[in-house]
Structure formats: structure tokens, C-alpha cells
Amino acid sequence: IEYYGNPAWMAIEALRSVAVPETDNAISISAAFYANLAAEHIARQIPGITTSVKSKSPLKKNQELKNIILRESPWLAEAMEENDNISKLAELLNETEMANRMRNAEDKLRKLQNEDGSWSWFEGMSGSVHITTVVVEHIAEAEHLTGKESTMHSAMLKAMEWLDTEEMRRYEEMKKDKSLANNLSERTLHYLYVSSLVKRELTANVKTMQNDYLNKAEKIVGELTIYGRANIACVLGAHGRNEKATDFVKSLREYTVFKPELGRYYDTRKAHYSWCDYRMPTHLTAMKAMRQQNNIFADTQDYINNMTLWVIQQKRSQSWDNPINTIGAINELLTDGRISNEKATLPSFVINGNKTVKMEETANNLGYAKAVIKDNEDVNLGELKTLQITS
């Protein structure tokens with residue numbers, strides 16, 4: 001039985017999958033930039049975490065276990081893989097390695113940024129609105145997480161100026177074409193949200209454009225997907241238009257379903273394919289929108305906790321499957337000051353209502369604990385019915 005009392009552990013395990021990009025494209029590199037800044041932040045927030053990670057290795061800690069798995073070959077590959085993963089986690093949190101990876105990601109991002117401020121997907125390609133918006137979002141969210149400007153801050157501001165110009169060009173075209181007058185694309189909504197993350201002085205023209213967009217967003221009615229509702233709610237909330245944002249969040253809450261083993265999630269045709277994949281972007285954007293309106297709904301944290309469970313379950317089944325989803329999920333796990341150096345108090349664990357399980361902590365600051373239940377000696381596993389966890 002394994003227990004994780006701090007979401008930082010799940011975030012760390014996921015960070016290592018994007019900390020070293022597999023290809024030199026702008027999205028993967030900006031994800032790596034975020035991952036290493038986040039890892040550095042976690043290491044500072046939880047002193048001694050590197051030692052805790054190293055101590056988690058079952059092969060280092062338990063020689064008897066090592067001898068058993070060497071004899072029982074079916075388990076050897078899994079144990080060796082876990083040992084390798086733990087070594088990679090320790091490497092992720094190594095101060096020198098973090099600094100090197102950060103410098104490498106920064107150098108590559110600067111190389112991919114064009115003179116006009118835009119980012120290209122790969123070197124030699126033209127600037128892309130989508131790629132630039134994602135890169136800016138990764139940098140801005142990393143700065144929000146750490147609470148300070150990053151080494152890429154000025155590059156991010158230059159990119160936002162380019163995005164303002166590109167969106168203004170689109171806005172002027174919309175004003176000339178009446179058929180597009182009330183059209184708010186996902187690109188525009190994404191721009192508005194990212195713009196809210198990057199604090200800067202806006203020109204009068206950009207302010208007018210953004211206010212016009214927000215007025216249109218408040219008036220949108222009709223059949224919207226869950227992703228569309230979440231996007232609009234997020235944008236309105238980020239720009240202080242909370243009354244209408246609350247209406248959209250109320251709708252987002254009503255469409256969720258809850259199952260104890262899966263958490264709270266969307267199981268409706270209205271949560272169809274979004275720009276990235278089936279459910280993850282929709283789910284994460286809805287969580288963001290709900291968090292913005294947490295002062296309106298008293299049970300917001302219950303919703304967020306249960307939706308976080310679904311996010312974690314997706315990691316178990318598909319590892320969040322791409323850099324954008326991984327960074328989005330990690331950002332949700334680490335938000336709201338959930339990283340703490342306070343030692344987590346373990347709950348009690350009871351099997352079949354009467355057998356107390358003694359959990360052994362092996363990563364002190366993370367509230368990580370593990371127990372091995374032996375068949376017959378502790379409990380007949382064939383009769384295992386319940387595992388109760390109580391605080």
C-alpha cells in the first residue's frame with residue numbers, strides 16, 4: 001500500500017518527464033523551462049527533498065527485497081524500473097543539473113524566438129500565434145508559481161507585443177466583415193487569458209480591443225461545449241468580469257459527474273474534442289474557472305479536490321501524454337500554495353474494518369508512506385474487502 005500526502009510528489013514524478021525535451025521544438029523546450037523552474041521552486045520550499053527521494057528506493061532500502069526479486073524474475077524488471085525512476089528524480093532535483101537544464105532551455109528558446117518577438121515551432125520556421133501563445137503561457141505560469149520574474153521575462157513581454165499586434169490585425173478584419181462581428185475563436189480566448197497572466201502596460205488600441213472582446217464574451221449564448229464554457233469563464237474571471245463568469249461556472253459544475261474511484265469529471269458529449277485532445281484541457285480549464293469563483297461557491301475546494309483525483313488517475317493510465325497537458329496538470333497540482341515544508345500527518349489505515357496497517361514513512365517532507373501486507377500472516381488477501389483511510 002502506498003500513500004501520498006502531498007501533491008508535490010505527483011508533480012515531481014511528472015516534472016522529470018518534460019524537464020529534458022525529447023525534441024527541440026518551442027513547446028517542448030518551454031515546458032522544460034517551466035519544469036526546471038518548478039523543480040527548483042519545490043526544492044527550495046521543501047528542504048531535504050532530494051534526500052527523501054533517494055531514500056525511497058526499495059532496492060537500496062531493503063536488501064531482503066532485493067534478494068527476493070533477483071530470484072523472482074517476473075518482478076525484477078518492475079523493481080529495476082522503479083529504481084531507475086528514483087535515480088532520475090534525484091537527478092531532477094540536483095542543483096547543478098537543474099541550473100544546466102535551465103540554461104540549456106533558455107538558450108534554445110532564445111534561439112527559436114524571431115526578431116519580431118514571435119516563436120517558431122522549429123528553427124527556420126515562421127512565427128506562429130499558437131506556438132507563441134503556449135510558450136508565453138508556460139513562462140507566465142512559471143513566474144506565477146515562483147512569485148518572481150524569470151530570466152525569460154523580457155522575451156515574454158516582447159512576444160506579448162507581437163501577439164497584441166497579430167490579434168489587432170484580426171480584430172480590424174472582423175470589424176470589416178459583419179459575419180465575423182460576434183465571433184470569438186479559441187485563439188482569441190487563449191490570447192485574452194494569457195494576456196491576463198502577463199502584467200504590462202497596454203496601448204489604448206489594445207485596451208479597446210480587449211474590452212470589446214470581453215463585452216462579446218459576456219453576451220455569448222447558445223450551445224457551447226464544456227471547453228468553450230470553461231474558456232469564457234476563465235477569461236471573464238481573469239479580467240474581473242465575475243458576474244457573468246459565475247453563471248458559466250455554475251453551468252460547469254452542473255455538468256460534472258462523481259464516482260469515488262475516479263473523482264469528479266466530465267462524461268458528456270459536450271466535453272468533446274478540444275484543440276489538444278479529448279478531456280484533459282477541458283478538465284483543467286474548468287478547474288481554473290472554478291478556482292477563480294471560489295468565493296461564490298462554498299464547496300469549491302471539494303470540487304477541486306475531487307477533480308484533482310481524476311487528473312491523478314489520468315496520470316496512472318496515460319501519463320498525461322504530452323507536454324502541454326503535463327504542464328497544465330502540474331500547474332494545477334502546485335497552485336494555491338499546496339507545496340509546504342510542514343510534515344504531513346499520516347491518516348490511519350484499516351483493512352476489513354478491524355486490521356490496522358502500520359505505514360512506514362520513507363520520504364519525510366512529502367507525507368509518503370508504504371506498507372507491505374503479507375498474505376495469511378497479516379490478512380487473508382483472498383478475503384480483502386475494504387481499505388479504510390481516516391484522519
# chains A, B, ... in the order shown; residues from 1 in each chain; ligands from 1
$ residues_around --residues "region 127-139 of chain A" --least-positions-apart "4" --cutoff "10 Å" --atoms "only C-alpha atoms" --output "ChimeraX atom specification"
/A:25-35,37,109,112-123,143-145,149-153,155-160,162-163,166-167,187,190-191,193-195,197-198,324,327-328,331
$ residues_around --residues "region 222-239 of chain A" --least-positions-apart "3" --cutoff "9 Å" --atoms "only C-alpha atoms" --output "ChimeraX atom specification"
/A:186,189-190,192-194,196-197,214,217-218,242-249,251-252,255,266,268-274,279,281-290,292-293
$ atom_distance --atom1 "CA of Glu2 (chain A)" --atom2 "CA of Lys370 (chain A)"
4.5 Å
$ select_by_dssp --residues "region 133-348 of chain A" --states "strand (DSSP E or B)" --output "number ranges by chain"
A: 256-259, 263-266, 348
$ write_last_selection --atoms "all heavy atoms" --output "PDB file, in the first residue's frame"
ATOM      1  N   THR A 256     -20.695  18.196 -14.223  1.00  0.00           N
ATOM      2  CA  THR A 256     -19.749  17.193 -13.709  1.00  0.00           C
ATOM      3  C   THR A 256     -20.488  15.980 -13.156  1.00  0.00           C
ATOM      4  O   THR A 256     -21.646  16.074 -12.743  1.00  0.00           O
ATOM      5  CB  THR A 256     -18.869  17.780 -12.582  1.00  0.00           C
ATOM      6  OG1 THR A 256     -19.692  18.177 -11.480  1.00  0.00           O
ATOM      7  CG2 THR A 256     -18.048  18.950 -13.066  1.00  0.00           C
ATOM      8  N   VAL A 257     -19.795  14.852 -13.166  1.00  0.00           N
ATOM      9  CA  VAL A 257     -20.302  13.640 -12.513  1.00  0.00           C
ATOM     10  C   VAL A 257     -19.244  13.188 -11.510  1.00  0.00           C
ATOM     11  O   VAL A 257     -18.067  13.532 -11.632  1.00  0.00           O
ATOM     12  CB  VAL A 257     -20.590  12.512 -13.520  1.00  0.00           C
ATOM     13  CG1 VAL A 257     -21.702  12.901 -14.465  1.00  0.00           C
ATOM     14  CG2 VAL A 257     -19.336  12.140 -14.293  1.00  0.00           C
ATOM     15  N   PHE A 258     -19.659  12.421 -10.512  1.00  0.00           N
ATOM     16  CA  PHE A 258     -18.719  11.996  -9.468  1.00  0.00           C
ATOM     17  C   PHE A 258     -18.804  10.493  -9.244  1.00  0.00           C
ATOM     18  O   PHE A 258     -19.891   9.927  -9.139  1.00  0.00           O
ATOM     19  CB  PHE A 258     -19.029  12.711  -8.147  1.00  0.00           C
ATOM     20  CG  PHE A 258     -18.174  12.219  -7.006  1.00  0.00           C
ATOM     21  CD1 PHE A 258     -16.847  12.601  -6.897  1.00  0.00           C
ATOM     22  CD2 PHE A 258     -18.701  11.346  -6.053  1.00  0.00           C
ATOM     23  CE1 PHE A 258     -16.050  12.134  -5.861  1.00  0.00           C
ATOM     24  CE2 PHE A 258     -17.920  10.878  -5.008  1.00  0.00           C
ATOM     25  CZ  PHE A 258     -16.583  11.274  -4.914  1.00  0.00           C
ATOM     26  N   LYS A 259     -17.623   9.858  -9.202  1.00  0.00           N
ATOM     27  CA  LYS A 259     -17.508   8.453  -8.810  1.00  0.00           C
ATOM     28  C   LYS A 259     -16.350   8.362  -7.823  1.00  0.00           C
ATOM     29  O   LYS A 259     -15.277   8.910  -8.084  1.00  0.00           O
ATOM     30  CB  LYS A 259     -17.249   7.551 -10.026  1.00  0.00           C
ATOM     31  CG  LYS A 259     -18.431   7.454 -10.980  1.00  0.00           C
ATOM     32  CD  LYS A 259     -18.119   6.519 -12.140  1.00  0.00           C
ATOM     33  CE  LYS A 259     -19.308   6.437 -13.110  1.00  0.00           C
ATOM     34  NZ  LYS A 259     -19.003   5.563 -14.254  1.00  0.00           N
ATOM     35  N   GLY A 263     -13.154  10.193  -9.043  1.00  0.00           N
ATOM     36  CA  GLY A 263     -13.216  11.612  -8.722  1.00  0.00           C
ATOM     37  C   GLY A 263     -14.342  12.282  -9.483  1.00  0.00           C
ATOM     38  O   GLY A 263     -15.307  11.652  -9.899  1.00  0.00           O
ATOM     39  N   ARG A 264     -14.214  13.583  -9.681  1.00  0.00           N
ATOM     40  CA  ARG A 264     -15.232  14.359 -10.399  1.00  0.00           C
ATOM     41  C   ARG A 264     -14.700  14.714 -11.782  1.00  0.00           C
ATOM     42  O   ARG A 264     -13.565  15.174 -11.920  1.00  0.00           O
ATOM     43  CB  ARG A 264     -15.565  15.637  -9.609  1.00  0.00           C
ATOM     44  CG  ARG A 264     -16.772  16.394 -10.166  1.00  0.00           C
ATOM     45  CD  ARG A 264     -17.183  17.518  -9.239  1.00  0.00           C
ATOM     46  NE  ARG A 264     -17.757  17.021  -8.001  1.00  0.00           N
ATOM     47  CZ  ARG A 264     -19.006  16.609  -7.852  1.00  0.00           C
ATOM     48  NH1 ARG A 264     -19.829  16.627  -8.899  1.00  0.00           N
ATOM     49  NH2 ARG A 264     -19.443  16.196  -6.691  1.00  0.00           N
ATOM     50  N   TYR A 265     -15.523  14.504 -12.799  1.00  0.00           N
ATOM     51  CA  TYR A 265     -15.050  14.689 -14.171  1.00  0.00           C
ATOM     52  C   TYR A 265     -16.243  14.929 -15.090  1.00  0.00           C
ATOM     53  O   TYR A 265     -17.404  14.974 -14.646  1.00  0.00           O
ATOM     54  CB  TYR A 265     -14.258  13.470 -14.638  1.00  0.00           C
ATOM     55  CG  TYR A 265     -15.061  12.179 -14.672  1.00  0.00           C
ATOM     56  CD1 TYR A 265     -15.528  11.660 -15.875  1.00  0.00           C
ATOM     57  CD2 TYR A 265     -15.370  11.485 -13.503  1.00  0.00           C
ATOM     58  CE1 TYR A 265     -16.280  10.487 -15.914  1.00  0.00           C
ATOM     59  CE2 TYR A 265     -16.117  10.311 -13.522  1.00  0.00           C
ATOM     60  CZ  TYR A 265     -16.563   9.821 -14.728  1.00  0.00           C
ATOM     61  OH  TYR A 265     -17.308   8.666 -14.762  1.00  0.00           O
ATOM     62  N   TYR A 266     -15.949  15.094 -16.375  1.00  0.00           N
ATOM     63  CA  TYR A 266     -16.997  15.314 -17.374  1.00  0.00           C
ATOM     64  C   TYR A 266     -17.198  14.052 -18.199  1.00  0.00           C
ATOM     65  O   TYR A 266     -16.253  13.507 -18.765  1.00  0.00           O
ATOM     66  CB  TYR A 266     -16.634  16.492 -18.287  1.00  0.00           C
ATOM     67  CG  TYR A 266     -16.657  17.815 -17.553  1.00  0.00           C
ATOM     68  CD1 TYR A 266     -15.477  18.418 -17.146  1.00  0.00           C
ATOM     69  CD2 TYR A 266     -17.862  18.436 -17.238  1.00  0.00           C
ATOM     70  CE1 TYR A 266     -15.488  19.617 -16.445  1.00  0.00           C
ATOM     71  CE2 TYR A 266     -17.894  19.628 -16.534  1.00  0.00           C
ATOM     72  CZ  TYR A 266     -16.702  20.214 -16.144  1.00  0.00           C
ATOM     73  OH  TYR A 266     -16.720  21.387 -15.447  1.00  0.00           O
ATOM     74  N   SER A 348      -4.950   7.106   9.485  1.00  0.00           N
ATOM     75  CA  SER A 348      -4.886   5.696   9.895  1.00  0.00           C
ATOM     76  C   SER A 348      -5.457   4.830   8.773  1.00  0.00           C
ATOM     77  O   SER A 348      -6.341   5.252   8.027  1.00  0.00           O
ATOM     78  CB  SER A 348      -5.685   5.473  11.183  1.00  0.00           C
ATOM     79  OG  SER A 348      -7.047   5.791  10.991  1.00  0.00           O
TER      80      SER A 348
END
$ residues_around --residues "Leu387 (chain A)" --least-positions-apart "4" --cutoff "7 Å" --atoms "only C-alpha atoms" --output "list in words"
Phe349, Val350, Ile351 and Asn352 of chain A
$ residues_around --residues "Tyr3 (chain A)" --least-positions-apart "2" --cutoff "7 Å" --atoms "only C-alpha atoms" --output "ChimeraX atom specification"
/A:1,5,368-370
$ write_last_selection --atoms "C-alpha atoms" --output "compact mmCIF listing (two decimals), in the first residue's frame"
# COMPACT_ATOMS: atom_id res chain seq x y z
CA ILE A 1 0.00 0.00 0.00
CA GLY A 5 0.01 13.06 1.47
CA TYR A 368 4.89 9.46 1.56
CA ALA A 369 4.37 6.14 3.31
CA LYS A 370 4.35 2.50 2.32
$ residues_around --residues "Thr326 (chain A)" --least-positions-apart "2" --cutoff "10 Å" --atoms "only C-alpha atoms" --output "MDAnalysis selection string"
chainID A and resid 11 14:15 17:18 31 35 280 315 319:324 328:332
$ closest_residue --among "A:Ile49, A:Met168, A:Met174, A:Asn182" --to "Gln210 (chain A)" --atoms "only C-alpha atoms"
A:Met168
$ atom_distance --atom1 "CA of Asn94 (chain A)" --atom2 "CA of Pro21 (chain A)"
17.4 Å
$ select_by_dssp --residues "region 60-268 of chain A" --states "helix (DSSP H, G or I)" --output "ChimeraX atom specification"
/A:60-61,63-71,73-92,95-112,129-146,153-176,178-180,186-197,204-219,226-238,242-254
